[in-house]
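Report on the following structure.
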Amino acid sequence: MGAELPEYYFRVRENGAAVFRVDTENRQRRIEMDQIAVINIRNGEIKPHGDRTLSEADLDRIKGWMAERSEVLAHRDIDDIHRAVDYLNLTTQWAQSKASDAQLESVTDALLLAMHDLRSVLVRKKADRLISASKE
């Protein structure tokens, strides 16, 4: 490991993270991680662990991590959408050039329904944006 460990460790969970304070200043020189909080990215909630009181430094670092994590997740979301566009193109090429009748039969209805649903949402959202833009 590197010479300098961070003061806090964030164990990512489904909606946020468990926050630990990292301690190496003990007699055995072992790494100890003491859980100090649980955070929820979606609602911004920071719950101290047990009967702890979080310091301003704790809260500042946690809020900073939450902001950084939100940016990472937002970037991943849009990256996933760009990948979905690639997959749609690859699926089109597969259906046109490689797929057997049996393979097409097994996926056609699911693909058509998913694409219809997506198209409906995209058209409605685009219309909403156009209406909003014309009112400005």
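Residue names in the structure tokens use chain letters A, B, ... in the order shown, residue numbers from 1 in each chain, and ligand numbers from 1 in the order shown.
Contact shell of A:Tyr8 at 12 Å (only C-alpha atoms; same-chain neighbours under 2 positions omitted): Glu4, Leu5, Pro6, Phe10, Arg11, Ala17, Ala18, Val19, Phe20, Arg21, Val22, Asp23, Thr24, Ile31, Glu32, Met33, Asp34, Gln35, Ile36, Ala37, Ala57, Asp58, Leu59, Asp60, Arg61, Ile62, Gly64 and Trp65 of chain A.
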Output the selection as an mmCIF file, in the first residue's frame - N, CA, C and O atoms for each residue.
```
data_model
loop_
_atom_site.group_PDB
_atom_site.id
_atom_site.type_symbol
_atom_site.label_atom_id
_atom_site.label_comp_id
_atom_site.auth_asym_id
_atom_site.auth_seq_id
_atom_site.Cartn_x
_atom_site.Cartn_y
_atom_site.Cartn_z
ATOM 1 N N GLU A 4 0.574 6.944 2.428
ATOM 2 C CA GLU A 4 -0.455 7.773 3.048
ATOM 3 C C GLU A 4 -1.847 7.267 2.684
ATOM 4 O O GLU A 4 -2.234 7.269 1.529
ATOM 5 N N LEU A 5 -2.585 6.823 3.695
ATOM 6 C CA LEU A 5 -3.955 6.380 3.459
ATOM 7 C C LEU A 5 -4.913 7.550 3.641
ATOM 8 O O LEU A 5 -4.630 8.475 4.399
ATOM 9 N N PRO A 6 -6.059 7.504 2.968
ATOM 10 C CA PRO A 6 -7.036 8.579 3.153
ATOM 11 C C PRO A 6 -7.626 8.532 4.559
ATOM 12 O O PRO A 6 -7.614 7.480 5.218
ATOM 13 N N PHE A 10 -15.124 5.151 1.787
ATOM 14 C CA PHE A 10 -16.537 5.080 1.447
ATOM 15 C C PHE A 10 -16.811 3.741 0.782
ATOM 16 O O PHE A 10 -16.328 3.490 -0.325
ATOM 17 N N ARG A 11 -17.554 2.877 1.465
ATOM 18 C CA ARG A 11 -17.941 1.585 0.898
ATOM 19 C C ARG A 11 -19.258 1.796 0.159
ATOM 20 O O ARG A 11 -20.303 2.001 0.770
ATOM 21 N N ALA A 17 -23.496 5.017 0.477
ATOM 22 C CA ALA A 17 -22.268 4.403 0.985
ATOM 23 C C ALA A 17 -22.310 4.319 2.503
ATOM 24 O O ALA A 17 -23.035 5.059 3.172
ATOM 25 N N ALA A 18 -21.482 3.407 3.004
ATOM 26 C CA ALA A 18 -21.158 3.388 4.429
ATOM 27 C C ALA A 18 -19.833 4.138 4.546
ATOM 28 O O ALA A 18 -18.931 3.943 3.736
ATOM 29 N N VAL A 19 -19.742 5.029 5.523
ATOM 30 C CA VAL A 19 -18.556 5.870 5.674
ATOM 31 C C VAL A 19 -17.755 5.388 6.868
ATOM 32 O O VAL A 19 -18.299 5.191 7.960
ATOM 33 N N PHE A 20 -16.453 5.222 6.642
ATOM 34 C CA PHE A 20 -15.552 4.768 7.695
ATOM 35 C C PHE A 20 -14.439 5.798 7.885
ATOM 36 O O PHE A 20 -13.970 6.404 6.925
ATOM 37 N N ARG A 21 -14.020 5.963 9.122
ATOM 38 C CA ARG A 21 -12.817 6.744 9.403
ATOM 39 C C ARG A 21 -11.671 5.742 9.459
ATOM 40 O O ARG A 21 -11.755 4.711 10.121
ATOM 41 N N VAL A 22 -10.599 6.015 8.729
ATOM 42 C CA VAL A 22 -9.443 5.118 8.650
ATOM 43 C C VAL A 22 -8.439 5.548 9.715
ATOM 44 O O VAL A 22 -8.102 6.729 9.828
ATOM 45 N N ASP A 23 -7.953 4.565 10.476
ATOM 46 C CA ASP A 23 -7.001 4.855 11.551
ATOM 47 C C ASP A 23 -5.818 3.902 11.454
ATOM 48 O O ASP A 23 -6.000 2.691 11.435
ATOM 49 N N THR A 24 -4.626 4.454 11.386
ATOM 50 C CA THR A 24 -3.407 3.637 11.430
ATOM 51 C C THR A 24 -2.543 4.029 12.618
ATOM 52 O O THR A 24 -1.461 3.486 12.800
ATOM 53 N N ILE A 31 -4.371 -1.266 10.172
ATOM 54 C CA ILE A 31 -5.412 -0.386 9.641
ATOM 55 C C ILE A 31 -6.721 -0.740 10.328
ATOM 56 O O ILE A 31 -7.154 -1.896 10.309
ATOM 57 N N GLU A 32 -7.318 0.260 10.935
ATOM 58 C CA GLU A 32 -8.628 0.072 11.542
ATOM 59 C C GLU A 32 -9.602 1.011 10.849
ATOM 60 O O GLU A 32 -9.278 2.162 10.563
ATOM 61 N N MET A 33 -10.781 0.481 10.565
ATOM 62 C CA MET A 33 -11.817 1.280 9.928
ATOM 63 C C MET A 33 -13.017 1.307 10.860
ATOM 64 O O MET A 33 -13.592 0.268 11.175
ATOM 65 N N ASP A 34 -13.381 2.491 11.283
ATOM 66 C CA ASP A 34 -14.464 2.691 12.227
ATOM 67 C C ASP A 34 -15.632 3.334 11.491
ATOM 68 O O ASP A 34 -15.507 4.457 10.989
ATOM 69 N N GLN A 35 -16.761 2.624 11.390
ATOM 70 C CA GLN A 35 -17.898 3.180 10.658
ATOM 71 C C GLN A 35 -18.455 4.376 11.417
ATOM 72 O O GLN A 35 -18.722 4.297 12.611
ATOM 73 N N ILE A 36 -18.613 5.486 10.678
ATOM 74 C CA ILE A 36 -19.119 6.695 11.315
ATOM 75 C C ILE A 36 -20.482 7.134 10.782
ATOM 76 O O ILE A 36 -21.185 7.894 11.439
ATOM 77 N N ALA A 37 -20.858 6.668 9.588
ATOM 78 C CA ALA A 37 -22.129 7.120 9.021
ATOM 79 C C ALA A 37 -22.564 6.220 7.873
ATOM 80 O O ALA A 37 -21.783 5.429 7.348
ATOM 81 N N ALA A 57 -15.792 18.652 9.894
ATOM 82 C CA ALA A 57 -14.842 18.069 8.935
ATOM 83 C C ALA A 57 -15.417 16.786 8.337
ATOM 84 O O ALA A 57 -15.291 16.548 7.132
ATOM 85 N N ASP A 58 -16.055 15.964 9.182
ATOM 86 C CA ASP A 58 -16.697 14.737 8.694
ATOM 87 C C ASP A 58 -17.772 15.094 7.667
ATOM 88 O O ASP A 58 -17.817 14.531 6.566
ATOM 89 N N LEU A 59 -18.640 16.031 8.041
ATOM 90 C CA LEU A 59 -19.748 16.405 7.164
ATOM 91 C C LEU A 59 -19.248 17.025 5.858
ATOM 92 O O LEU A 59 -19.785 16.730 4.786
ATOM 93 N N ASP A 60 -18.215 17.857 5.945
ATOM 94 C CA ASP A 60 -17.664 18.464 4.728
ATOM 95 C C ASP A 60 -17.133 17.402 3.779
ATOM 96 O O ASP A 60 -17.382 17.435 2.576
ATOM 97 N N ARG A 61 -16.382 16.438 4.309
ATOM 98 C CA ARG A 61 -15.809 15.383 3.464
ATOM 99 C C ARG A 61 -16.898 14.495 2.886
ATOM 100 O O ARG A 61 -16.851 14.107 1.724
ATOM 101 N N ILE A 62 -17.902 14.171 3.700
ATOM 102 C CA ILE A 62 -19.011 13.329 3.233
ATOM 103 C C ILE A 62 -19.788 14.048 2.129
ATOM 104 O O ILE A 62 -20.088 13.464 1.080
ATOM 105 N N GLY A 64 -18.696 16.366 0.182
ATOM 106 C CA GLY A 64 -17.819 16.414 -0.996
ATOM 107 C C GLY A 64 -17.844 15.109 -1.760
ATOM 108 O O GLY A 64 -17.922 15.087 -2.995
ATOM 109 N N TRP A 65 -17.788 13.993 -1.029
ATOM 110 C CA TRP A 65 -17.839 12.679 -1.673
ATOM 111 C C TRP A 65 -19.181 12.484 -2.375
ATOM 112 O O TRP A 65 -19.235 11.965 -3.495
#
```
Would you return as a CSV table (one decimal) with N, CA, C and O atoms, in the first residue's frame the members of chain A that DSSP assigns to helix (DSSP H, G or I) on this structure's backbone?
```csv
chain,number,residue,atom,x,y,z
A,56,GLU,N,-17.8,18.9,11.8
A,56,GLU,CA,-17.9,19.6,10.6
A,56,GLU,C,-17.0,19.1,9.5
A,56,GLU,O,-17.4,19.0,8.3
A,57,ALA,N,-15.8,18.7,9.9
A,57,ALA,CA,-14.8,18.1,8.9
A,57,ALA,C,-15.4,16.8,8.3
A,57,ALA,O,-15.3,16.5,7.1
A,58,ASP,N,-16.1,16.0,9.2
A,58,ASP,CA,-16.7,14.7,8.7
A,58,ASP,C,-17.8,15.1,7.7
A,58,ASP,O,-17.8,14.5,6.6
A,59,LEU,N,-18.6,16.0,8.0
A,59,LEU,CA,-19.7,16.4,7.2
A,59,LEU,C,-19.2,17.0,5.9
A,59,LEU,O,-19.8,16.7,4.8
A,60,ASP,N,-18.2,17.9,5.9
A,60,ASP,CA,-17.7,18.5,4.7
A,60,ASP,C,-17.1,17.4,3.8
A,60,ASP,O,-17.4,17.4,2.6
A,61,ARG,N,-16.4,16.4,4.3
A,61,ARG,CA,-15.8,15.4,3.5
A,61,ARG,C,-16.9,14.5,2.9
A,61,ARG,O,-16.9,14.1,1.7
A,62,ILE,N,-17.9,14.2,3.7
A,62,ILE,CA,-19.0,13.3,3.2
A,62,ILE,C,-19.8,14.0,2.1
A,62,ILE,O,-20.1,13.5,1.1
A,63,LYS,N,-20.1,15.3,2.3
A,63,LYS,CA,-20.8,16.1,1.3
A,63,LYS,C,-20.0,16.2,0.0
A,63,LYS,O,-20.5,16.1,-1.1
A,64,GLY,N,-18.7,16.4,0.2
A,64,GLY,CA,-17.8,16.4,-1.0
A,64,GLY,C,-17.8,15.1,-1.8
A,64,GLY,O,-17.9,15.1,-3.0
A,65,TRP,N,-17.8,14.0,-1.0
A,65,TRP,CA,-17.8,12.7,-1.7
A,65,TRP,C,-19.2,12.5,-2.4
A,65,TRP,O,-19.2,12.0,-3.5
A,66,MET,N,-20.3,12.9,-1.7
A,66,MET,CA,-21.6,12.8,-2.3
A,66,MET,C,-21.7,13.6,-3.6
A,66,MET,O,-22.3,13.1,-4.6
A,67,ALA,N,-21.1,14.8,-3.7
A,67,ALA,CA,-21.1,15.5,-4.9
A,67,ALA,C,-20.3,14.9,-6.0
A,67,ALA,O,-20.8,14.8,-7.1
A,68,GLU,N,-19.1,14.4,-5.6
A,68,GLU,CA,-18.3,13.7,-6.6
A,68,GLU,C,-19.0,12.4,-7.1
A,68,GLU,O,-19.0,12.1,-8.3
A,69,ARG,N,-19.6,11.7,-6.2
A,69,ARG,CA,-20.3,10.4,-6.6
A,69,ARG,C,-21.5,10.7,-7.5
A,69,ARG,O,-21.7,10.0,-8.5
A,70,SER,N,-22.2,11.8,-7.2
A,70,SER,CA,-23.3,12.1,-8.1
A,70,SER,C,-22.9,12.4,-9.5
A,70,SER,O,-23.5,12.0,-10.5
A,71,GLU,N,-21.7,13.1,-9.6
A,71,GLU,CA,-21.2,13.4,-11.0
A,71,GLU,C,-20.8,12.1,-11.7
A,71,GLU,O,-21.1,12.0,-12.9
A,72,VAL,N,-20.2,11.2,-11.0
A,72,VAL,CA,-19.8,9.9,-11.6
A,72,VAL,C,-21.0,9.1,-12.0
A,72,VAL,O,-21.0,8.6,-13.2
A,73,LEU,N,-22.0,9.1,-11.2
A,73,LEU,CA,-23.2,8.4,-11.6
A,73,LEU,C,-24.0,9.0,-12.8
A,73,LEU,O,-24.5,8.3,-13.6
A,74,ALA,N,-24.0,10.3,-12.8
A,74,ALA,CA,-24.6,11.0,-13.9
A,74,ALA,C,-23.8,10.7,-15.2
A,74,ALA,O,-24.4,10.5,-16.3
A,75,HIS,N,-22.5,10.7,-15.1
A,75,HIS,CA,-21.7,10.4,-16.3
A,75,HIS,C,-22.0,9.0,-16.8
A,75,HIS,O,-22.1,8.7,-18.0
A,76,ARG,N,-22.1,8.1,-15.8
A,76,ARG,CA,-22.3,6.7,-16.2
A,76,ARG,C,-23.7,6.5,-16.8
A,76,ARG,O,-23.8,5.7,-17.8
A,77,ASP,N,-24.7,7.2,-16.3
A,77,ASP,CA,-26.0,7.1,-16.9
A,77,ASP,C,-26.0,7.5,-18.4
A,77,ASP,O,-26.5,6.8,-19.2
A,78,ILE,N,-25.4,8.6,-18.7
A,78,ILE,CA,-25.3,9.1,-20.1
A,78,ILE,C,-24.5,8.1,-21.0
A,78,ILE,O,-24.8,7.9,-22.1
A,79,ASP,N,-23.4,7.6,-20.4
A,79,ASP,CA,-22.5,6.7,-21.1
A,79,ASP,C,-23.3,5.4,-21.4
A,79,ASP,O,-23.2,4.9,-22.5
A,80,ASP,N,-24.1,4.9,-20.5
A,80,ASP,CA,-25.0,3.8,-20.7
A,80,ASP,C,-25.9,4.0,-21.9
A,80,ASP,O,-26.2,3.1,-22.7
A,81,ILE,N,-26.5,5.2,-21.9
A,81,ILE,CA,-27.4,5.5,-23.0
A,81,ILE,C,-26.7,5.5,-24.4
A,81,ILE,O,-27.2,5.0,-25.4
A,82,HIS,N,-25.5,6.1,-24.4
A,82,HIS,CA,-24.7,6.0,-25.7
A,82,HIS,C,-24.4,4.6,-26.1
A,82,HIS,O,-24.4,4.2,-27.2
A,83,ARG,N,-24.1,3.7,-25.1
A,83,ARG,CA,-23.9,2.3,-25.3
A,83,ARG,C,-25.2,1.6,-25.9
A,83,ARG,O,-25.1,0.8,-26.8
A,84,ALA,N,-26.3,2.1,-25.3
A,84,ALA,CA,-27.6,1.5,-25.8
A,84,ALA,C,-27.8,1.8,-27.3
A,84,ALA,O,-28.3,1.0,-28.0
A,85,VAL,N,-27.5,3.0,-27.7
A,85,VAL,CA,-27.6,3.4,-29.1
A,85,VAL,C,-26.7,2.5,-29.9
A,85,VAL,O,-27.1,2.0,-31.0
A,86,ASP,N,-25.5,2.2,-29.4
A,86,ASP,CA,-24.6,1.3,-30.1
A,86,ASP,C,-25.2,-0.1,-30.2
A,86,ASP,O,-25.1,-0.7,-31.3
A,87,TYR,N,-25.8,-0.6,-29.1
A,87,TYR,CA,-26.4,-1.9,-29.1
A,87,TYR,C,-27.5,-2.0,-30.1
A,87,TYR,O,-27.7,-3.0,-30.7
A,88,LEU,N,-28.3,-0.9,-30.2
A,88,LEU,CA,-29.4,-0.9,-31.1
A,88,LEU,C,-28.9,-1.0,-32.5
A,88,LEU,O,-29.5,-1.8,-33.4
A,89,ASN,N,-27.8,-0.3,-32.8
A,89,ASN,CA,-27.2,-0.4,-34.2
A,89,ASN,C,-26.7,-1.8,-34.4
A,89,ASN,O,-26.9,-2.4,-35.5
A,90,LEU,N,-26.0,-2.4,-33.5
A,90,LEU,CA,-25.5,-3.7,-33.6
A,90,LEU,C,-26.6,-4.7,-33.7
A,90,LEU,O,-26.5,-5.7,-34.5
A,91,THR,N,-27.7,-4.5,-33.0
A,91,THR,CA,-28.9,-5.4,-33.1
A,91,THR,C,-29.5,-5.3,-34.5
A,91,THR,O,-29.9,-6.3,-35.1
A,92,THR,N,-29.6,-4.1,-35.0
A,92,THR,CA,-30.1,-4.0,-36.4
A,92,THR,C,-29.2,-4.7,-37.4
A,92,THR,O,-29.8,-5.4,-38.3
A,93,GLN,N,-27.9,-4.6,-37.3
A,93,GLN,CA,-27.0,-5.3,-38.2
A,93,GLN,C,-27.2,-6.8,-38.0
A,93,GLN,O,-27.2,-7.5,-39.0
A,94,TRP,N,-27.3,-7.2,-36.8
A,94,TRP,CA,-27.4,-8.7,-36.5
A,94,TRP,C,-28.7,-9.2,-37.2
A,94,TRP,O,-28.7,-10.2,-37.8
A,95,ALA,N,-29.8,-8.4,-37.0
A,95,ALA,CA,-31.1,-8.9,-37.5
A,95,ALA,C,-31.1,-8.9,-39.0
A,95,ALA,O,-31.7,-9.8,-39.6
A,96,GLN,N,-30.4,-8.0,-39.6
A,96,GLN,CA,-30.4,-7.9,-41.1
A,96,GLN,C,-29.4,-8.9,-41.7
A,96,GLN,O,-29.8,-9.5,-42.7
A,97,SER,N,-28.3,-9.2,-41.0
A,97,SER,CA,-27.3,-10.1,-41.7
A,97,SER,C,-27.1,-11.4,-41.1
A,97,SER,O,-26.6,-12.3,-41.8
A,101,ASP,N,-34.3,-17.3,-38.6
A,101,ASP,CA,-35.7,-17.0,-38.4
A,101,ASP,C,-36.1,-17.4,-36.9
A,101,ASP,O,-36.9,-16.6,-36.3
A,102,ALA,N,-35.6,-18.4,-36.4
A,102,ALA,CA,-35.9,-18.8,-35.0
A,102,ALA,C,-35.4,-17.8,-34.0
A,102,ALA,O,-36.1,-17.4,-33.0
A,103,GLN,N,-34.2,-17.3,-34.2
A,103,GLN,CA,-33.7,-16.2,-33.3
A,103,GLN,C,-34.5,-15.0,-33.4
A,103,GLN,O,-34.8,-14.4,-32.4
A,104,LEU,N,-34.9,-14.6,-34.6
A,104,LEU,CA,-35.7,-13.4,-34.8
A,104,LEU,C,-37.1,-13.6,-34.1
A,104,LEU,O,-37.6,-12.7,-33.4
A,105,GLU,N,-37.6,-14.8,-34.2
A,105,GLU,CA,-38.9,-15.1,-33.6
A,105,GLU,C,-38.9,-15.0,-32.1
A,105,GLU,O,-39.8,-14.5,-31.5
A,106,SER,N,-37.7,-15.3,-31.5
A,106,SER,CA,-37.6,-15.3,-30.1
A,106,SER,C,-37.4,-13.9,-29.5
A,106,SER,O,-37.7,-13.7,-28.3
A,107,VAL,N,-37.0,-12.9,-30.3
A,107,VAL,CA,-36.8,-11.6,-29.8
A,107,VAL,C,-37.6,-10.5,-30.4
A,107,VAL,O,-37.7,-9.4,-29.8
A,108,THR,N,-38.3,-10.7,-31.5
A,108,THR,CA,-39.0,-9.7,-32.2
A,108,THR,C,-40.0,-8.9,-31.4
A,108,THR,O,-40.0,-7.7,-31.3
A,109,ASP,N,-40.9,-9.7,-30.8
A,109,ASP,CA,-42.0,-9.0,-30.0
A,109,ASP,C,-41.5,-8.1,-28.9
A,109,ASP,O,-41.9,-7.0,-28.7
A,110,ALA,N,-40.5,-8.7,-28.1
A,110,ALA,CA,-39.9,-7.9,-27.0
A,110,ALA,C,-39.2,-6.7,-27.5
A,110,ALA,O,-39.4,-5.6,-26.9
A,111,LEU,N,-38.5,-6.8,-28.6
A,111,LEU,CA,-37.8,-5.6,-29.2
A,111,LEU,C,-38.8,-4.6,-29.7
A,111,LEU,O,-38.6,-3.4,-29.5
A,112,LEU,N,-39.8,-5.0,-30.4
A,112,LEU,CA,-40.8,-4.1,-30.9
A,112,LEU,C,-41.5,-3.3,-29.8
A,112,LEU,O,-41.7,-2.1,-29.9
A,113,LEU,N,-41.9,-4.0,-28.8
A,113,LEU,CA,-42.6,-3.4,-27.7
A,113,LEU,C,-41.6,-2.4,-27.0
A,113,LEU,O,-42.0,-1.3,-26.6
A,114,ALA,N,-40.4,-2.8,-26.7
A,114,ALA,CA,-39.4,-1.9,-26.1
A,114,ALA,C,-39.1,-0.7,-26.9
A,114,ALA,O,-39.1,0.5,-26.4
A,115,MET,N,-39.0,-0.9,-28.2
A,115,MET,CA,-38.7,0.3,-29.1
A,115,MET,C,-39.9,1.2,-29.2
A,115,MET,O,-39.8,2.4,-29.3
A,116,HIS,N,-41.1,0.6,-29.3
A,116,HIS,CA,-42.3,1.4,-29.3
A,116,HIS,C,-42.5,2.3,-28.0
A,116,HIS,O,-42.8,3.5,-28.1
A,117,ASP,N,-42.2,1.6,-26.9
A,117,ASP,CA,-42.3,2.4,-25.6
A,117,ASP,C,-41.3,3.5,-25.6
A,117,ASP,O,-41.6,4.6,-25.3
A,118,LEU,N,-40.0,3.2,-26.0
A,118,LEU,CA,-39.0,4.2,-26.0
A,118,LEU,C,-39.3,5.3,-27.0
A,118,LEU,O,-39.2,6.5,-26.6
A,119,ARG,N,-39.8,5.0,-28.2
A,119,ARG,CA,-40.2,6.0,-29.2
A,119,ARG,C,-41.3,6.9,-28.6
A,119,ARG,O,-41.2,8.1,-28.8
A,120,SER,N,-42.3,6.3,-28.0
A,120,SER,CA,-43.4,7.1,-27.4
A,120,SER,C,-42.9,8.1,-26.4
A,120,SER,O,-43.3,9.3,-26.4
A,121,VAL,N,-42.0,7.7,-25.5
A,121,VAL,CA,-41.5,8.6,-24.5
A,121,VAL,C,-40.6,9.7,-25.1
A,121,VAL,O,-40.7,10.8,-24.8
A,122,LEU,N,-39.7,9.3,-26.0
A,122,LEU,CA,-38.9,10.3,-26.7
A,122,LEU,C,-39.7,11.3,-27.5
A,122,LEU,O,-39.3,12.5,-27.4
A,123,VAL,N,-40.7,10.9,-28.2
A,123,VAL,CA,-41.5,11.8,-29.0
A,123,VAL,C,-42.2,12.8,-28.0
A,123,VAL,O,-42.3,14.0,-28.2
A,124,ARG,N,-42.8,12.3,-26.9
A,124,ARG,CA,-43.5,13.1,-26.0
A,124,ARG,C,-42.6,14.1,-25.3
A,124,ARG,O,-42.9,15.3,-25.2
A,125,LYS,N,-41.4,13.6,-24.9
A,125,LYS,CA,-40.4,14.5,-24.3
A,125,LYS,C,-39.9,15.6,-25.2
A,125,LYS,O,-39.7,16.8,-24.9
A,126,LYS,N,-39.7,15.2,-26.5
A,126,LYS,CA,-39.2,16.2,-27.5
A,126,LYS,C,-40.3,17.3,-27.7
A,126,LYS,O,-40.0,18.4,-27.8
A,127,ALA,N,-41.6,16.8,-27.8
A,127,ALA,CA,-42.7,17.8,-28.0
A,127,ALA,C,-42.8,18.7,-26.8
A,127,ALA,O,-43.0,19.9,-26.9
A,128,ASP,N,-42.6,18.2,-25.5
A,128,ASP,CA,-42.6,19.0,-24.3
A,128,ASP,C,-41.5,20.1,-24.4
A,128,ASP,O,-41.7,21.2,-24.1
A,129,ARG,N,-40.3,19.7,-24.9
A,129,ARG,CA,-39.2,20.6,-25.0
A,129,ARG,C,-39.4,21.7,-26.0
A,129,ARG,O,-39.1,22.8,-25.8
A,130,LEU,N,-40.0,21.3,-27.1
A,130,LEU,CA,-40.3,22.2,-28.2
A,130,LEU,C,-41.4,23.3,-27.7
A,130,LEU,O,-41.3,24.5,-28.0
A,131,ILE,N,-42.4,22.8,-27.0
A,131,ILE,CA,-43.4,23.7,-26.5
A,131,ILE,C,-42.8,24.6,-25.4
A,131,ILE,O,-43.1,25.8,-25.5
A,132,SER,N,-41.9,24.1,-24.6
A,132,SER,CA,-41.3,25.0,-23.6
A,132,SER,C,-40.4,26.0,-24.2
A,132,SER,O,-40.3,27.2,-23.8
A,133,ALA,N,-39.7,25.6,-25.2
A,133,ALA,CA,-38.8,26.5,-25.9
A,133,ALA,C,-39.5,27.6,-26.7
A,133,ALA,O,-39.1,28.8,-26.7
A,134,SER,N,-40.7,27.3,-27.2
A,134,SER,CA,-41.5,28.3,-27.9
A,134,SER,C,-42.1,29.3,-27.0
A,134,SER,O,-42.4,30.4,-27.4
A,135,LYS,N,-42.3,28.9,-25.7
A,135,LYS,CA,-42.9,29.8,-24.7
A,135,LYS,C,-41.9,30.8,-24.2
A,135,LYS,O,-42.2,31.9,-23.6
```
Review point. Could you pull the residues within 7 Å of A:Asn15, counting only C-alpha atoms, minus those fewer than 3 positions along the same chain, as an MDAnalysis selection string?
Key: chainID A and resid 40:42
Point to revise | Every residue of stretch 4-136 of chain A that DSSP places in strand (DSSP E or B), as a PyMOL selection string | key: chain A and resi 8-13+16-23+32-40+45-48
Selection from above, N, CA and C atoms, as a compact mmCIF listing (two decimals), in the first residue's frame, can you write it?
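Generated file (again-v1.txt):
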```
# COMPACT_ATOMS: atom_id res chain seq x y z
N TYR A 8 -10.78 8.98 5.22
CA TYR A 8 -12.11 8.37 5.14
C TYR A 8 -12.13 7.32 4.04
N TYR A 9 -12.96 6.29 4.27
CA TYR A 9 -13.20 5.26 3.25
C TYR A 9 -14.70 5.18 3.05
N PHE A 10 -15.12 5.15 1.79
CA PHE A 10 -16.54 5.08 1.45
C PHE A 10 -16.81 3.74 0.78
N ARG A 11 -17.55 2.88 1.47
CA ARG A 11 -17.94 1.59 0.90
C ARG A 11 -19.26 1.80 0.16
N VAL A 12 -19.19 1.75 -1.15
CA VAL A 12 -20.35 2.04 -1.99
C VAL A 12 -21.43 0.98 -1.76
N ARG A 13 -22.65 1.47 -1.66
CA ARG A 13 -23.83 0.62 -1.54
C ARG A 13 -24.81 1.01 -2.63
N GLY A 16 -25.95 4.68 -1.95
CA GLY A 16 -25.04 5.61 -1.29
C GLY A 16 -23.78 4.90 -0.84
N ALA A 17 -23.50 5.02 0.48
CA ALA A 17 -22.27 4.40 0.99
C ALA A 17 -22.31 4.32 2.50
N ALA A 18 -21.48 3.41 3.00
CA ALA A 18 -21.16 3.39 4.43
C ALA A 18 -19.83 4.14 4.55
N VAL A 19 -19.74 5.03 5.52
CA VAL A 19 -18.56 5.87 5.67
C VAL A 19 -17.75 5.39 6.87
N PHE A 20 -16.45 5.22 6.64
CA PHE A 20 -15.55 4.77 7.70
C PHE A 20 -14.44 5.80 7.89
N ARG A 21 -14.02 5.96 9.12
CA ARG A 21 -12.82 6.74 9.40
C ARG A 21 -11.67 5.74 9.46
N VAL A 22 -10.60 6.01 8.73
CA VAL A 22 -9.44 5.12 8.65
C VAL A 22 -8.44 5.55 9.72
N ASP A 23 -7.95 4.57 10.48
CA ASP A 23 -7.00 4.86 11.55
C ASP A 23 -5.82 3.90 11.45
N GLU A 32 -7.32 0.26 10.94
CA GLU A 32 -8.63 0.07 11.54
C GLU A 32 -9.60 1.01 10.85
N MET A 33 -10.78 0.48 10.56
CA MET A 33 -11.82 1.28 9.93
C MET A 33 -13.02 1.31 10.86
N ASP A 34 -13.38 2.49 11.28
CA ASP A 34 -14.46 2.69 12.23
C ASP A 34 -15.63 3.33 11.49
N GLN A 35 -16.76 2.62 11.39
CA GLN A 35 -17.90 3.18 10.66
C GLN A 35 -18.45 4.38 11.42
N ILE A 36 -18.61 5.49 10.68
CA ILE A 36 -19.12 6.69 11.31
C ILE A 36 -20.48 7.13 10.78
N ALA A 37 -20.86 6.67 9.59
CA ALA A 37 -22.13 7.12 9.02
C ALA A 37 -22.56 6.22 7.87
N VAL A 38 -23.83 6.40 7.51
CA VAL A 38 -24.40 5.80 6.31
C VAL A 38 -25.03 6.95 5.54
N ILE A 39 -24.78 6.98 4.23
CA ILE A 39 -25.32 8.08 3.43
C ILE A 39 -26.17 7.55 2.29
N ASN A 40 -27.16 8.36 1.91
CA ASN A 40 -28.05 8.03 0.82
C ASN A 40 -27.92 9.12 -0.23
N GLU A 45 -29.47 12.15 2.46
CA GLU A 45 -29.48 11.88 3.90
C GLU A 45 -28.12 11.38 4.40
N ILE A 46 -27.69 11.92 5.52
CA ILE A 46 -26.47 11.48 6.19
C ILE A 46 -26.88 11.06 7.60
N LYS A 47 -26.75 9.75 7.88
CA LYS A 47 -27.12 9.23 9.20
C LYS A 47 -25.86 8.84 9.95
N PRO A 48 -25.61 9.49 11.07
CA PRO A 48 -24.47 9.05 11.90
C PRO A 48 -24.68 7.61 12.33
```
